[in-house]
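Read through the structure below, which is laid out as structure tokens, and then see the notes.
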Protein chains: 4
Amino acid sequence: MSSDTATLLLSCPDQQGLVAKIANFIYANGGNIIHADHHTDLEAGLFLSRIEWQLQGFNLPRDLIGRAFEAIAQPLEADWQLHFSDTIPQIAIWVSQQDHCLYDLLWRIQAKELKVKVGLIISNHEKLAKIADQFGIEFHYLPINKDNKKEQELKQLELLKNANIELVILAKYMQVLSADFLQKFPNVINIHHSFLPAFVGAKPYHQAYSRGVKIIGATAHYITQDLDAGPIIEQDVVKISHRDTVEDLIRKGKDLEKIVLARGVRLHLQHRVLVYGNRTVVFA
Amino acid sequence: MSSDTATLLLSCPDQQGLVAKIANFIYANGGNIIHADHHTDLEAGLFLSRIEWQLQGFNLPRDLIGRAFEAIAQPLEADWQLHFSDTIPQIAIWVSQQDHCLYDLLWRIQAKELKVKVGLIISNHEKLAKIADQFGIEFHYLPINKDNKKEQELKQLELLKNANIELVILAKYMQVLSADFLQKFPNVINIHHSFLPAFVGAKPYHQAYSRGVKIIGATAHYITQDLDAGPIIEQDVVKISHRDTVEDLIRKGKDLEKIVLARGVRLHLQHRVLVYGNRTVVFA
Amino acid sequence: MSSDTATLLLSCPDQQGLVAKIANFIYANGGNIIHADHHTDLEAGLFLSRIEWQLQGFNLPRDLIGRAFEAIAQPLEADWQLHFSDTIPQIAIWVSQQDHCLYDLLWRIQAKELKVKVGLIISNHEKLAKIADQFGIEFHYLPINKDNKKEQELKQLELLKNANIELVILAKYMQVLSADFLQKFPNVINIHHSFLPAFVGAKPYHQAYSRGVKIIGATAHYITQDLDAGPIIEQDVVKISHRDTVEDLIRKGKDLEKIVLARGVRLHLQHRVLVYGNRTVVFA
Amino acid sequence: MSSDTATLLLSCPDQQGLVAKIANFIYANGGNIIHADHHTDLEAGLFLSRIEWQLQGFNLPRDLIGRAFEAIAQPLEADWQLHFSDTIPQIAIWVSQQDHCLYDLLWRIQAKELKVKVGLIISNHEKLAKIADQFGIEFHYLPINKDNKKEQELKQLELLKNANIELVILAKYMQVLSADFLQKFPNVINIHHSFLPAFVGAKPYHQAYSRGVKIIGATAHYITQDLDAGPIIEQDVVKISHRDTVEDLIRKGKDLEKIVLARGVRLHLQHRVLVYGNRTVVFA
């Protein structure tokens with residue numbers, strides 16, 4: 001017996017009967033709901049919902065579910081996405097010189113904690129090519145400087161397109177993506193090595209040390225055109241003390257970065273994250 | 001315009017259409033859902049749900065809602081409770097000699113963080129009578145020893161009954177309640193000063209010190225006849241070090257106890273906790 | 001037998017033999033060290049130390065200890081402070097309209113968690129006068145507006161002087177102290193209701209909500225002339241979710257504020273905090 | 001210029017002058033202390049200390065330091081250890097079938113977070129041989145059953161001896177070591193997948209699920225003959241909810257296990273841990 005599921009993520013202006021309408025659609029077609037969570041942002045007048053049901057026994061064939069649901073969604077002026085749990089998306093991991101997040105993601109993918117296929121690794125340095133090799137993944141070395149950035153981004157976009165990449169994970173990729181790039185490929189998760197909005201920009205651990213904070217953090221967020229200001233998916237922190245040098249902050253931060261990025265990516269891949277405005281609802 | 005709400009807490013054997021049936025009931029009567037959260041324990045084959053909707057605009061008068069819902073609940077073999085947000089329950093706080101949880105609860109009630117009326121305070125010591133006085137609350141001194149316990153419990157039950165008490169909070173009441181008592185008054189929340197199931201029973205901070213743990217905790221739970229084994233509502237922890245003496249553990253623990261108990265009580269009062277078996281679902 | 005202790009807090013340029021020189025001074029005079037902790041900031045070339053020893057059996061009378069130690073400290077170009085554990089300092093608590101930190105501090109002082117005497121409470125509102133009353137503490141209502149600020153600060157300074165106040169605790173005092181004031185009375189601890197340096201200035205919970213963070217924090221720090229930029233003593237955080245409104249952040253934040261402020265004040269009162277530059281060493 | 005250091009770990013009955021005597025020894029020989037931390041357990045009457053100083057400029061040759069210090073230590077009845085920071089110890093990692101801690105440790109060793117040489121990997125299963133291969137480390141497959149345990153332990157001891165192993169890390173090695181083995185090789189760190197002393201023994205995540213706890217933990221500890229009762233080095237926890245199945249606990253627990261074990265091993269390798277009775281002092 002298959003345990004495959006369909007997941008609906010939806011947001012629309014709040015009104016009466018929304019839960020009933022969605023649940024009825026699934027019930028009427030013989031679906032058994034295994035996860036349903038809703039959130040109403042009363043201030044924004046917005047209803048946001050995630051519903052997951054078993055495909056086993058569901059009467060609608062997959063390719064008709066979306067079309068059928070659109071008849072319900074349209075009058076509600078809803079934005080919605082439909083996902084199937086057995087679809088394994090292609091992703092790209094982008095790195096610079098640090099290997100900890102890359103190793104961590106690859107281990108989790110191998111251990112099936114994250115259900116994706118890594119189509120390619122892109123880096124502006126050659127250093128981590130050997131890890132790509134070790135895991136049998138295509139590696140593309142695309143060095144960036146201020147003269148070639150535009151051109152290299154075109155190559156990056158081409159690579160993403162050819163490999164059917166749906167999601168880019170910036171796993172300590174120390175370059176800013178242009179507004180142009182993001183318009184063409186908006187689906188990007190980044191790990192920022194601070195507790196945003198504290199310490200945006202470069203060298204956050206040096207900034208944290210110099211401010212004398214007692215806790216450091218890491219933030220997984222979607223990339224937008226505003227540097228380090230995109231919607232936050234996940235954050236975590238760790239205590240530090242006066243004994244910790246900048247090097248200690250960097251070391252301790254790596255453990256945070258790995259875990260926070262992995263959690264953020266997992267939530268995204270399980271279709272548990274809905275973005276609205278500059279905020280996220282995380283149905284966890 | 002009133003912002004009063006009704007909340008339905010329900011559990012029943014899992015089957016198709018449950019979310020739809022409940023949501024339809026509310027929609028059909030003109031209700032606007034502001035919180036809906038469901039959980040399916042696939043292993044136990046159980047569906048558990050919390051739905052809260054605005055009474056403003058709801059077509060059924062309050063006294064008919066339950067009767068009308070019973071028609072839906074019965075065929076589902078559902079256990080359910082219906083609560084109204086403007087009902088202010090009477091509670092009793094039981095204490096022994098320590099005042100930190102009592103002060104903390106009274107402050108939160110005064111600050112309207114907890115919407116209850118404290119009908120009475122019961123203690124097996126006279127020490128905290130002056131706090132009851134300070135806040136204008138009835139105080140009953142009922143000393144307990146092994147000879148008078150049965151008799152005192154009868155007095156306690158009488159006091160609870162006369163004051164229409166719905167919930168007893170053991171705010172560091174250092175006595176065990178008998179099986180008899182709990183059968184007659186089962187609605188009791190306790191704060192245990194350890195991270196259960198570690199260090200059950202007496203003097204958990206001494207036990208923790210002697211075991212050399214690096215973290216201590218506190219646990220808010222419903223009382224059952226098994227000492228310290230009832231369903232857990234909330235837990236939290238704090239790091240300690242070799243520098244901390246037993247007295248430091250006790251001091252640090254007090255901050256935990258206050259917060260964990262207050263959170264547990266608040267979740268209960270907002271009808272966010274469903275008990276099944278020895279577990280809780282917390283719709284937070 | 002007395003358990004009183006002396007505590008030496010010292011910082012000086014790093015060089016060989018510092019621990020030996022200080023320890024020898026105490027040993028030569030018959031002192032038994034019960035806490036000794038040192039930190040070397042290699043980058044700053046600075047040695048920082050806290051040593052606490054039992055006065056019982058110490059051969060130097062109290063009033064000579066400082067003079068004797070100065071002979072050792074001077075050639076080291078050391079800044080140092082000497083404190084005795086049985087000195088109970090006078091403090092002032094300043095508040096505006098929120099009572100949670102005030103109540104919390106007064107409870108801790110009453111419970112002897114914090115060994116101080118509250119000489120007076122100052123507020124720019126009358127609202128909390130009744131709490132001062134309840135605990136039998138002098139209350140001074142000094143409303144502030146942009147015209148009378150200078151004049152009111154003079155009154156405040158006079159009050160502090162007359163009551164021999166050594167430390168001011170801003171327990172949610174929602175006014176900025178002038179540079180002038182701080183020059184005359186620099187010993188001020190503040191609780192800021194955010195995880196600094198995130199969300200400086202006004203309404204940090206509104207800022208946090210609008211940024212969509214997943215964790216909020218609180219910071220206890222010494223006040224300097226740079227708003228919210230003084231040396232940090234203690235910070236802590238709590239997780240939040242999309243379900244939390246601004247009001248929930250404020251409520252959850254209050255628990256953080258109470259605990260973080262209390263911890264910061266306790267560390268200060270136990271002479272465990274050394275400030276250098278804009279940083280603190282916390283010998284905890 | 002070398003940055004190598006010597007570290008002295010010492011415990012002895014408490015008495016006056018201990019800090020002075022140790023610090024004088026280092027100062028008299030031209031040493032510059034970079035870390036000094038002391039702890040007095042007043043109840044046990046025990047003084048415990050860690051002092052680290054630069055070897056650069058120290059007048060005693062390495063091989064004489066211990067002999068010279070013994071003259072000071074003997075009259076104090078002190079237990080002491082002397083370590084040099086440039087000594088890279090040989091360790092063995094023991095595993096069963098789970099690879100997460102092994103991968104994590106090997107990554108940290110490669111990244112120089114942990115300064116050791118892995119002499120060999122021992123397992124009672126063949127499954128992880130390929131990881132040993134990948135990192136070029138000797139792998140020994142020694143299956144255990146109740147008939148061959150004694151014989152296999154003799155082989156294990158022989159392997160440890162031949163490879164000059166100083167420390168064994170049980171990185172999810174799901175076998176109990178015999179009292180005999182531990183007498184011959186006592187230096188063993190284990191990661192237990194619960195917040196000890198909660199859930200000792202087998203299947204702690206199943207136990208945690210069935211108890212309905214709201215937080216799970218992991219514990220790094222030295223192994224003694226009492227199962228799961230040895231001195232604790234490090235613990236950490238993570239929140240869980242009713243939505244988490246046993247599989248989720250296992251997955252979330254893996255992240256804890258990796259970090260807690262790595263922290264425990266690092267503290268041990270930096271000679272920051274002193275065991276006394278069943279407790280540890282962690283000079284961190």
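Here's how to read the names in the structure tokens: chain A, B, ... by the order shown, residue numbers from 1 in each chain, ligand numbers from 1 in the order shown.
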
### Task
Find the residues of chain C in contact range of chain A, meaning any atom within 8 Å when counting only C-alpha atoms, and list them as a list in words.
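Putting it all together, I get His39, Leu196, Pro197, Ala198, Phe199, Ser210, Arg211, Gly212, Val213, Lys214, Ile215, Pro231, Ile232, Ile233, Glu234, Gln235, Asp236, Ser241, His242, Arg243, Asn278, Arg279, Thr280, Val281 and Val282 of chain C.
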
### Task
Can you list, as a ChimeraX atom specification, all residues belonging to stretch 20-167 of chain B that DSSP tags as strand (DSSP E or B)?
/B:32-41,46-54,79-84,90-95,117-123,139-141,167

Pull the closest atom pair for each residue of stretch 176-265 of chain C that gets at most 12 Å from stretch 107-114 of chain B, along with the distance in Å to one decimal, counting only C-alpha atoms, ordering rows by chain and then ascending residue number, as JSON lines.
```
{"residue": "C:Glu247", "atom": "CA", "partner": "B:Glu113", "partner_atom": "CA", "distance": 10.7}
{"residue": "C:Asp248", "atom": "CA", "partner": "B:Glu113", "partner_atom": "CA", "distance": 10.0}
{"residue": "C:Ile250", "atom": "CA", "partner": "B:Glu113", "partner_atom": "CA", "distance": 11.0}
{"residue": "C:Arg251", "atom": "CA", "partner": "B:Glu113", "partner_atom": "CA", "distance": 7.7}
{"residue": "C:Lys252", "atom": "CA", "partner": "B:Glu113", "partner_atom": "CA", "distance": 10.2}
{"residue": "C:Lys254", "atom": "CA", "partner": "B:Arg108", "partner_atom": "CA", "distance": 10.8}
{"residue": "C:Asp255", "atom": "CA", "partner": "B:Arg108", "partner_atom": "CA", "distance": 10.6}
```

### Query
In stretch 38-273 of chain B, what's helix (DSSP H, G or I) per DSSP? Answer as a VMD selection string?
chain B and resid 62 to 76 100 to 110 129 to 134 149 to 162 179 to 184 204 to 211 246 to 269

### Query
Distance atom CA of B:Ile165-atom CA of B:Gly201, one decimal place?
27.1 Å

### A:Asp14 surroundings by only C-alpha atoms, 8 Å radius, close-in-sequence under 5 positions cut, as JSON, numbers by chain
{"A": [40, 45, 46, 47]}

Writer output for current selection, N, CA and C atoms, as a short mmCIF file (atom, residue, chain, number, x, y, z; two decimals), in the first residue's frame:
```cif
data_model
loop_
_atom_site.label_atom_id
_atom_site.label_comp_id
_atom_site.auth_asym_id
_atom_site.auth_seq_id
_atom_site.Cartn_x
_atom_site.Cartn_y
_atom_site.Cartn_z
N THR A 40 -5.04 32.26 10.69
CA THR A 40 -5.67 33.50 10.23
C THR A 40 -4.88 34.67 10.78
N GLY A 45 -6.08 40.25 7.52
CA GLY A 45 -7.30 39.74 6.90
C GLY A 45 -7.04 38.56 5.97
N LEU A 46 -6.04 37.74 6.34
CA LEU A 46 -5.59 36.68 5.45
C LEU A 46 -5.74 35.32 6.12
N PHE A 47 -6.20 34.36 5.32
CA PHE A 47 -6.32 32.97 5.76
C PHE A 47 -5.23 32.17 5.07
#
```

### Message
Which residues are close to stretch 65-76 of chain C, i.e. within 10 Å by only C-alpha atoms, leaving aside same-chain residues fewer than 3 positions away? Reply as a VMD selection string.
### Response
chain C and resid 6 8 10 to 15 18 21 to 22 25 to 26 29 58 to 62 79 to 83

Write the residues of the preceding selection, restricted to C-alpha atoms, as a CSV table (one decimal), in the first residue's frame.
```
chain,number,residue,atom,x,y,z
C,6,ALA,CA,36.3,39.8,50.3
C,8,LEU,CA,38.8,41.7,44.3
C,10,LEU,CA,41.1,43.7,38.7
C,11,SER,CA,42.2,44.4,35.2
C,12,CYS,CA,45.7,45.4,34.0
C,13,PRO,CA,48.0,45.1,31.1
C,14,ASP,CA,49.0,41.4,30.7
C,15,GLN,CA,52.4,40.3,32.0
C,18,LEU,CA,49.9,38.3,37.7
C,21,LYS,CA,51.2,38.1,42.8
C,22,ILE,CA,47.6,38.4,43.6
C,25,PHE,CA,49.0,38.6,48.6
C,26,ILE,CA,46.0,36.7,49.9
C,29,ASN,CA,47.8,37.3,54.9
C,58,PHE,CA,42.5,36.8,57.2
C,59,ASN,CA,45.2,38.7,59.1
C,60,LEU,CA,44.7,42.2,57.6
C,61,PRO,CA,41.9,44.3,59.1
C,62,ARG,CA,39.4,45.4,56.5
C,79,ASP,CA,42.3,49.1,37.9
C,80,TRP,CA,40.8,47.3,40.8
C,81,GLN,CA,37.8,47.2,43.2
C,82,LEU,CA,37.5,45.6,46.6
C,83,HIS,CA,34.2,44.5,47.9
```

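Closest approach to B:Leu105 among B:Lys172, B:His193, B:Arg50, B:Lys203 is made by B:Lys172 (distances from only C-alpha atoms).
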
### Task
Compile the contact shell of B:Ser123 as a PyMOL selection string: residues with an atom at most 9 Å away, counting only C-alpha atoms, same-chain residues fewer than 4 positions apart removed.
chain B and resi 93-97+127-129+139-143+173

### Query
Which residues, written as a PyMOL selection string, have at least one atom at most 10 Å from B:Val19, with only C-alpha atoms counted and residues fewer than 4 positions away on the same chain left out?
(chain A and resi 19-20+22-24+26-27+32-33+36) or (chain B and resi 15+23-24+36-38+47+49+51)
